[in-house]
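See below for upload-v4.tsv, which holds TSV, C-alpha atoms and all ligand atoms.
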chain	number	residue	atom	x	y	z
M	1467	MET	CA	-11.61	11.58	-1.38
M	1468	THR	CA	-8.74	13.78	-0.22
M	1469	ALA	CA	-8.00	16.71	-2.54
M	1470	LEU	CA	-5.46	15.80	-5.22
M	1471	ASN	CA	-2.08	17.17	-4.25
M	1472	LYS	CA	-0.66	18.44	-7.51
M	1473	THR	CA	2.79	18.79	-6.02
M	1474	HIS	CA	3.32	15.04	-6.01
M	1475	PRO	CA	5.47	14.21	-9.05
M	1476	CYS	CA	3.20	11.27	-9.91
M	1477	ALA	CA	-0.17	12.96	-9.30
M	1478	ASP	CA	-0.81	13.24	-13.03
M	1479	LEU	CA	-0.39	9.46	-13.33
M	1480	LEU	CA	-3.54	8.61	-11.36
M	1481	PRO	CA	-5.72	8.59	-14.52
M	1482	GLN	CA	-3.43	5.79	-15.76
M	1483	LEU	CA	-4.39	3.73	-12.72
M	1484	ARG	CA	-8.10	4.44	-13.27
M	1485	ALA	CA	-7.74	3.24	-16.87
M	1486	LEU	CA	-5.71	0.18	-15.86
M	1487	LEU	CA	-8.42	-0.86	-13.38
M	1488	ALA	CA	-11.35	-0.14	-15.72
M	1489	VAL	CA	-11.22	-3.53	-17.45
M	1490	THR	CA	-12.54	-5.66	-14.59
M	1491	ARG	CA	-13.76	-5.39	-10.99
M	1492	ASP	CA	-11.91	-8.59	-10.09
M	1493	PRO	CA	-9.92	-7.68	-6.93
M	1494	VAL	CA	-7.02	-10.08	-7.58
M	1495	ALA	CA	-6.43	-8.77	-11.09
M	1496	ASN	CA	-6.72	-5.20	-9.86
M	1497	MET	CA	-4.40	-5.76	-6.87
M	1498	ALA	CA	-1.84	-7.30	-9.23
M	1499	ASN	CA	-1.90	-4.38	-11.65
M	1500	THR	CA	-2.01	-1.75	-8.88
M	1501	ALA	CA	1.08	-3.28	-7.26
M	1502	ALA	CA	2.92	-3.48	-10.59
M	1503	TRP	CA	1.90	0.07	-11.54
M	1504	LEU	CA	3.08	1.51	-8.22
M	1505	TYR	CA	6.32	-0.47	-8.21
M	1506	HIS	CA	7.25	0.74	-11.68
M	1507	SER	CA	5.93	4.32	-11.30
M	1508	LEU	CA	7.54	5.33	-8.01
M	1509	PRO	CA	11.32	5.45	-7.61
M	1510	GLN	CA	13.29	3.91	-4.73
M	1511	LEU	CA	10.93	1.04	-3.82
M	1512	ASN	CA	11.90	-2.53	-3.02
M	1513	TRP	CA	8.37	-3.82	-2.37
M	1514	ALA	CA	4.78	-2.82	-3.19
M	1515	GLY	CA	1.75	-4.96	-2.58
M	1516	PHE	CA	-1.32	-6.00	-0.65
M	1517	TYR	CA	-2.24	-7.98	2.45
M	1518	LEU	CA	-5.86	-9.11	2.89
M	1519	LEU	CA	-7.47	-9.39	6.32
M	1520	LYS	CA	-8.95	-12.85	6.92
M	1521	ASN	CA	-10.01	-13.93	10.43
M	1522	ASP	CA	-7.81	-11.38	12.21
M	1523	THR	CA	-4.76	-12.31	10.14
M	1524	LEU	CA	-3.29	-10.40	7.22
M	1525	VAL	CA	-2.62	-12.80	4.35
M	1526	LEU	CA	-0.14	-11.96	1.61
M	1527	GLY	CA	-1.75	-10.81	-1.64
M	1528	PRO	CA	-0.43	-9.75	-5.04
M	1529	PHE	CA	2.84	-7.82	-4.86
M	1530	GLN	CA	6.06	-6.82	-6.63
M	1531	GLY	CA	9.42	-7.37	-4.94
M	1532	LYS	CA	11.08	-10.22	-3.09
M	1533	PRO	CA	9.01	-13.00	-1.48
M	1534	ALA	CA	7.49	-11.67	1.76
M	1535	CYS	CA	6.02	-12.75	5.10
M	1536	VAL	CA	2.85	-14.71	4.34
M	1537	LEU	CA	0.83	-14.18	7.54
M	1538	ILE	CA	0.78	-11.12	9.85
M	1539	PRO	CA	-1.46	-11.10	12.95
M	1540	LEU	CA	-3.80	-8.10	13.26
M	1541	GLY	CA	-2.05	-5.46	15.39
M	1542	LYS	CA	1.47	-6.77	14.68
M	1543	GLY	CA	4.11	-4.93	12.65
M	1544	VAL	CA	3.50	-1.87	10.56
M	1545	CYS	CA	0.88	-3.64	8.43
M	1546	GLY	CA	-0.99	-5.09	11.39
M	1547	THR	CA	-0.97	-1.69	13.10
M	1548	ALA	CA	-2.41	0.03	10.00
M	1549	ALA	CA	-5.10	-2.66	9.76
M	1550	ALA	CA	-6.00	-2.49	13.46
M	1551	THR	CA	-6.05	1.31	13.75
M	1552	ARG	CA	-7.36	2.01	10.23
M	1553	GLN	CA	-4.78	4.79	10.09
M	1554	THR	CA	-2.03	5.13	7.52
M	1555	GLN	CA	1.33	4.25	9.06
M	1556	ARG	CA	4.20	6.30	7.63
M	1557	VAL	CA	7.45	5.01	9.10
M	1558	PRO	CA	10.62	7.00	8.28
M	1559	ASN	CA	12.90	4.38	9.89
M	1560	VAL	CA	11.53	0.88	10.27
M	1561	HIS	CA	14.33	-0.03	12.69
M	1562	ALA	CA	12.88	2.49	15.17
M	1563	PHE	CA	9.33	1.02	14.89
M	1564	ALA	CA	8.72	-1.38	17.76
M	1565	GLY	CA	7.46	-4.67	16.35
M	1566	HIS	CA	8.44	-4.00	12.75
M	1567	ILE	CA	8.45	-7.27	10.78
M	1568	ALA	CA	11.54	-7.42	8.56
M	1569	CYS	CA	10.70	-9.34	5.37
M	1570	ASP	CA	13.59	-7.90	3.38
M	1571	SER	CA	16.67	-6.64	5.22
M	1572	ALA	CA	17.04	-3.97	2.51
M	1573	SER	CA	13.93	-2.11	3.77
M	1574	ASN	CA	14.57	1.06	5.75
M	1575	SER	CA	11.29	2.99	5.46
M	1576	GLU	CA	7.70	1.93	4.90
M	1577	ILE	CA	4.18	3.24	4.39
M	1578	VAL	CA	1.02	1.20	4.88
M	1579	ILE	CA	-2.44	2.38	3.84
M	1580	PRO	CA	-5.50	0.59	5.27
M	1581	ILE	CA	-8.30	-0.32	2.88
M	1582	VAL	CA	-11.66	-0.10	4.64
M	1583	HIS	CA	-14.84	-1.36	2.99
M	1584	GLN	CA	-18.34	-1.09	4.46
M	1585	GLY	CA	-16.92	-0.22	7.88
M	1586	LYS	CA	-14.53	-3.19	8.01
M	1587	THR	CA	-10.80	-3.39	7.35
M	1588	TRP	CA	-10.51	-5.29	4.09
M	1589	GLY	CA	-6.72	-5.21	3.80
M	1590	VAL	CA	-3.73	-2.94	3.44
M	1591	LEU	CA	-1.53	-1.52	0.71
M	1592	ASP	CA	2.14	-1.71	1.76
M	1593	LEU	CA	5.20	-0.06	0.21
M	1594	ASP	CA	8.80	-0.48	1.36
M	1595	SER	CA	11.93	1.46	0.45
M	1596	PRO	CA	15.64	0.93	1.01
M	1597	VAL	CA	15.90	4.72	1.52
M	1598	LEU	CA	15.38	6.17	5.00
M	1599	ASN	CA	12.45	8.62	5.17
M	1600	ARG	CA	11.45	7.80	1.56
M	1601	PHE	CA	7.73	8.57	2.02
M	1602	ASP	CA	6.57	12.13	2.75
M	1603	GLU	CA	3.10	13.62	3.18
M	1604	THR	CA	2.61	14.03	-0.58
M	1605	ASP	CA	3.37	10.31	-0.98
M	1606	ARG	CA	0.80	9.56	1.71
M	1607	GLN	CA	-1.87	11.58	-0.12
M	1608	PHE	CA	-0.94	10.06	-3.48
M	1609	LEU	CA	-1.00	6.50	-2.15
M	1610	GLU	CA	-4.25	7.00	-0.24
M	1611	GLN	CA	-5.78	8.19	-3.52
M	1612	ALA	CA	-4.37	5.17	-5.37
M	1613	ALA	CA	-5.86	2.87	-2.69
M	1614	GLU	CA	-9.22	4.64	-3.01
M	1615	ILE	CA	-9.19	4.21	-6.79
M	1616	PHE	CA	-8.41	0.49	-6.34
M	1617	ALA	CA	-11.22	0.09	-3.78
M	1618	ALA	CA	-13.77	2.04	-5.85
M	1619	GLN	CA	-13.06	0.04	-9.02
M	1620	SER	CA	-12.95	-3.45	-7.47
M	1621	ASP	CA	-15.52	-5.79	-5.93
M	1622	LEU	CA	-14.23	-6.06	-2.36
M	1701	LIG	N1	7.32	-4.75	7.28
M	1701	LIG	C1	5.95	-5.16	7.33
M	1701	LIG	C2	5.76	-6.57	6.90
M	1701	LIG	C3	5.43	-6.72	5.46
M	1701	LIG	S1	6.76	-6.53	4.44
M	1701	LIG	O1	7.30	-5.16	4.59
M	1701	LIG	C4	6.36	-6.78	2.84
M	1701	LIG	C5	5.40	-4.98	8.76
M	1701	LIG	O2	6.14	-4.64	9.69
M	1701	LIG	O3	4.20	-5.15	8.92
Would you mind writing the structure in this file as structure tokens?
Amino acid sequence: MTALNKTHPCADLLPQLRALLAVTRDPVANMANTAAWLYHSLPQLNWAGFYLLKNDTLVLGPFQGKPACVLIPLGKGVCGTAAATRQTQRVPNVHAFAGHIACDSASNSEIVIPIVHQGKTWGVLDLDSPVLNRFDETDRQFLEQAAEIFAAQSDL
């Protein structure tokens, strides 16, 4: 796990997430509460949730925010790129990202964290913001840690 970056204003909240996910290893329940916890803990978000990789397609999972695109082909959009490359995609301006899939016209920046289990991409954690350049490097570290906590405490 990456070292905890104490400068993130929400770093001290991660034990809350561990406690929230300690009740069950059911991935649907834990995705639902992780999405709700992130959406209500971080300011300036308009979407937070999961896509699950099934047969080379990302399928919409539990989320908070407006209804979203249901299916995203592997390699397409910010989510599909994160899933295909297994690299976090931090996009300061989604309008400058070739192939960005606009689910909510309010979104201006986005960060997508891949969730890899036993060497395979299992899914992604996606957050959108109406604010340009909303996600910095401390957000990336914080969200990668949140995704790791989710993965470690769920049966994937
Ligand atoms: N913008 C994403 C699609 C998912 S929505 O943001 C919830 C993309 O380009 O992959």
Exercise: segment 1513-1523 of chain M partners within 6 Å, all atoms listed in the file, chain neighbours under 2 positions left out, as a ChimeraX atom specification: /M:1501,1505,1511,1525-1531,1538-1540,1588-1594
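With all atoms listed in the file taken into account, the protein and nucleic acid residues at most 7 Å from Ser1575 of chain M (excluding it and anything under 4 positions from it in its own chain) are M:Val1557, M:Pro1558, M:Asn1559, M:Val1560, M:Asp1594, M:Ser1595, M:Pro1596, M:Val1597, M:Leu1598, M:Asn1599, M:Arg1600.
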Kindly work out which residues sit at most 6 Å from ligand LIG 1701 (chain M), using only C-alpha atoms and all ligand atoms, and give the list as a PDB file with C-alpha atoms, in the frame of the given file.
ATOM      1  CA  ALA M1534       7.490 -11.670   1.760  1.00  0.00           C
ATOM      2  CA  GLY M1543       4.110  -4.930  12.650  1.00  0.00           C
ATOM      3  CA  VAL M1544       3.500  -1.870  10.560  1.00  0.00           C
ATOM      4  CA  CYS M1545       0.880  -3.640   8.430  1.00  0.00           C
ATOM      5  CA  GLY M1546      -0.990  -5.090  11.390  1.00  0.00           C
ATOM      6  CA  HIS M1566       8.440  -4.000  12.750  1.00  0.00           C
ATOM      7  CA  ILE M1567       8.450  -7.270  10.780  1.00  0.00           C
ATOM      8  CA  ALA M1568      11.540  -7.420   8.560  1.00  0.00           C
ATOM      9  CA  CYS M1569      10.700  -9.340   5.370  1.00  0.00           C
ATOM     10  CA  ASP M1594       8.800  -0.480   1.360  1.00  0.00           C
TER      11      ASP M1594
END
d(atom CA of Gln1555 of chain M, atom CA of Val1582 of chain M) in Å: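 About the pair atom CA of Gln1555 of chain M and atom CA of Val1582 of chain M: they are 14.4 Å apart.
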Length of the atom CA of Leu1487 of chain M to atom CA of Ala1618 of chain M vector [Å]: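 Answer for the atom CA of Leu1487 of chain M to atom CA of Ala1618 of chain M separation: 9.7 Å.
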Separation of atom CA of Leu1483 of chain M from atom CA of Glu1614 of chain M, in Å and rounded to one decimal: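 Separation between atom CA of Leu1483 of chain M and atom CA of Glu1614 of chain M: 10.9 Å.
The environment of Ala1488 of chain M within 12 Å, counting only C-alpha atoms and disregarding residues fewer than 3 places along the same chain, consists of Pro1481, Gln1482, Leu1483, Arg1484, Ala1485, Arg1491, Asp1492, Pro1493, Ala1495, Asn1496, Asn1499, Thr1500, Ile1615, Phe1616, Ala1617, Ala1618, Gln1619 and Ser1620 of chain M.
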Answer as number ranges by chain, residues within 8 Å of (6.3, 10.5, -6.6) using all atoms listed in the file: M: 1474-1477, 1507-1509, 1604-1605, 1608
From M:Arg1606, M:Gly1585, M:Asn1512, M:Arg1556, residue lying nearest Ser1573 of chain M [all atoms listed in the file]: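 Residue with the minimum atom-to-atom distance to Ser1573 of chain M: M:Asn1512.
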Taking all atoms of segment 1477-1494 of chain M that the file lists and extending 4 Å past them on each side, where is the centre of the axis-aligned box and how long are its edges? Answer in Å to one decimal, as lines of an AutoDock Vina configuration file.
center_x = -7.0
center_y = 1.6
center_z = -12.2
size_x = 21.6
size_y = 31.3
size_z = 18.5
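The closest residue to Leu1622 of chain M, picked from M:Ala1549, M:Ile1577, M:Cys1535, M:Val1494 and counting all atoms listed in the file, is M:Val1494.
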Completed segment 1537-1548 of chain M (all heavy atoms) as a PDB file, in the frame of the given file:
ATOM      1  N   LEU M1537       1.901 -14.456   6.574  1.00  0.00           N
ATOM      2  CA  LEU M1537       0.830 -14.180   7.540  1.00  0.00           C
ATOM      3  C   LEU M1537       1.293 -13.161   8.569  1.00  0.00           C
ATOM      4  O   LEU M1537       2.386 -13.302   9.140  1.00  0.00           O
ATOM      5  CB  LEU M1537       0.430 -15.476   8.271  1.00  0.00           C
ATOM      6  CG  LEU M1537      -0.029 -16.641   7.394  1.00  0.00           C
ATOM      7  CD1 LEU M1537      -0.277 -17.875   8.259  1.00  0.00           C
ATOM      8  CD2 LEU M1537      -1.289 -16.276   6.614  1.00  0.00           C
ATOM      9  N   ILE M1538       0.475 -12.140   8.834  1.00  0.00           N
ATOM     10  CA  ILE M1538       0.780 -11.120   9.850  1.00  0.00           C
ATOM     11  C   ILE M1538      -0.452 -10.966  10.739  1.00  0.00           C
ATOM     12  O   ILE M1538      -1.530 -10.608  10.260  1.00  0.00           O
ATOM     13  CB  ILE M1538       1.119  -9.763   9.188  1.00  0.00           C
ATOM     14  CG1 ILE M1538       2.358  -9.891   8.280  1.00  0.00           C
ATOM     15  CG2 ILE M1538       1.343  -8.688  10.255  1.00  0.00           C
ATOM     16  CD1 ILE M1538       2.685  -8.623   7.497  1.00  0.00           C
ATOM     17  N   PRO M1539      -0.302 -11.254  12.056  1.00  0.00           N
ATOM     18  CA  PRO M1539      -1.460 -11.100  12.950  1.00  0.00           C
ATOM     19  C   PRO M1539      -1.920  -9.639  13.017  1.00  0.00           C
ATOM     20  O   PRO M1539      -1.093  -8.724  12.998  1.00  0.00           O
ATOM     21  CB  PRO M1539      -0.924 -11.571  14.307  1.00  0.00           C
ATOM     22  CG  PRO M1539       0.300 -12.364  14.003  1.00  0.00           C
ATOM     23  CD  PRO M1539       0.877 -11.784  12.755  1.00  0.00           C
ATOM     24  N   LEU M1540      -3.234  -9.441  13.108  1.00  0.00           N
ATOM     25  CA  LEU M1540      -3.800  -8.100  13.260  1.00  0.00           C
ATOM     26  C   LEU M1540      -3.151  -7.433  14.469  1.00  0.00           C
ATOM     27  O   LEU M1540      -3.040  -8.039  15.545  1.00  0.00           O
ATOM     28  CB  LEU M1540      -5.316  -8.208  13.465  1.00  0.00           C
ATOM     29  CG  LEU M1540      -6.097  -6.901  13.492  1.00  0.00           C
ATOM     30  CD1 LEU M1540      -6.013  -6.160  12.161  1.00  0.00           C
ATOM     31  CD2 LEU M1540      -7.566  -7.181  13.833  1.00  0.00           C
ATOM     32  N   GLY M1541      -2.676  -6.192  14.295  1.00  0.00           N
ATOM     33  CA  GLY M1541      -2.050  -5.460  15.390  1.00  0.00           C
ATOM     34  C   GLY M1541      -0.538  -5.608  15.441  1.00  0.00           C
ATOM     35  O   GLY M1541       0.118  -4.905  16.201  1.00  0.00           O
ATOM     36  N   LYS M1542       0.012  -6.543  14.662  1.00  0.00           N
ATOM     37  CA  LYS M1542       1.470  -6.770  14.680  1.00  0.00           C
ATOM     38  C   LYS M1542       2.136  -6.062  13.490  1.00  0.00           C
ATOM     39  O   LYS M1542       1.581  -6.026  12.387  1.00  0.00           O
ATOM     40  CB  LYS M1542       1.797  -8.261  14.612  1.00  0.00           C
ATOM     41  CG  LYS M1542       1.230  -9.057  15.760  1.00  0.00           C
ATOM     42  CD  LYS M1542       1.906  -8.735  17.071  1.00  0.00           C
ATOM     43  CE  LYS M1542       1.351  -9.571  18.210  1.00  0.00           C
ATOM     44  NZ  LYS M1542       1.798  -9.119  19.533  1.00  0.00           N
ATOM     45  N   GLY M1543       3.354  -5.558  13.730  1.00  0.00           N
ATOM     46  CA  GLY M1543       4.110  -4.930  12.650  1.00  0.00           C
ATOM     47  C   GLY M1543       3.452  -3.660  12.160  1.00  0.00           C
ATOM     48  O   GLY M1543       2.448  -3.196  12.712  1.00  0.00           O
ATOM     49  N   VAL M1544       4.041  -3.102  11.123  1.00  0.00           N
ATOM     50  CA  VAL M1544       3.500  -1.870  10.560  1.00  0.00           C
ATOM     51  C   VAL M1544       2.158  -2.160   9.866  1.00  0.00           C
ATOM     52  O   VAL M1544       1.182  -1.419  10.016  1.00  0.00           O
ATOM     53  CB  VAL M1544       4.500  -1.233   9.562  1.00  0.00           C
ATOM     54  CG1 VAL M1544       3.991   0.114   9.080  1.00  0.00           C
ATOM     55  CG2 VAL M1544       5.880  -1.070  10.204  1.00  0.00           C
ATOM     56  N   CYS M1545       2.113  -3.285   9.144  1.00  0.00           N
ATOM     57  CA  CYS M1545       0.880  -3.640   8.430  1.00  0.00           C
ATOM     58  C   CYS M1545      -0.265  -3.930   9.405  1.00  0.00           C
ATOM     59  O   CYS M1545      -1.385  -3.439   9.227  1.00  0.00           O
ATOM     60  CB  CYS M1545       1.122  -4.871   7.549  1.00  0.00           C
ATOM     61  SG  CYS M1545       2.195  -4.540   6.146  1.00  0.00           S
ATOM     62  N   GLY M1546       0.045  -4.736  10.427  1.00  0.00           N
ATOM     63  CA  GLY M1546      -0.990  -5.090  11.390  1.00  0.00           C
ATOM     64  C   GLY M1546      -1.486  -3.890  12.181  1.00  0.00           C
ATOM     65  O   GLY M1546      -2.657  -3.826  12.575  1.00  0.00           O
ATOM     66  N   THR M1547      -0.578  -2.916  12.404  1.00  0.00           N
ATOM     67  CA  THR M1547      -0.970  -1.690  13.100  1.00  0.00           C
ATOM     68  C   THR M1547      -1.894  -0.850  12.215  1.00  0.00           C
ATOM     69  O   THR M1547      -2.912  -0.321  12.684  1.00  0.00           O
ATOM     70  CB  THR M1547       0.293  -0.872  13.491  1.00  0.00           C
ATOM     71  OG1 THR M1547       1.111  -1.691  14.334  1.00  0.00           O
ATOM     72  CG2 THR M1547      -0.069   0.401  14.222  1.00  0.00           C
ATOM     73  N   ALA M1548      -1.556  -0.730  10.927  1.00  0.00           N
ATOM     74  CA  ALA M1548      -2.410   0.030  10.000  1.00  0.00           C
ATOM     75  C   ALA M1548      -3.795  -0.611   9.914  1.00  0.00           C
ATOM     76  O   ALA M1548      -4.822   0.077   9.910  1.00  0.00           O
ATOM     77  CB  ALA M1548      -1.766   0.088   8.625  1.00  0.00           C
TER      78      ALA M1548
END
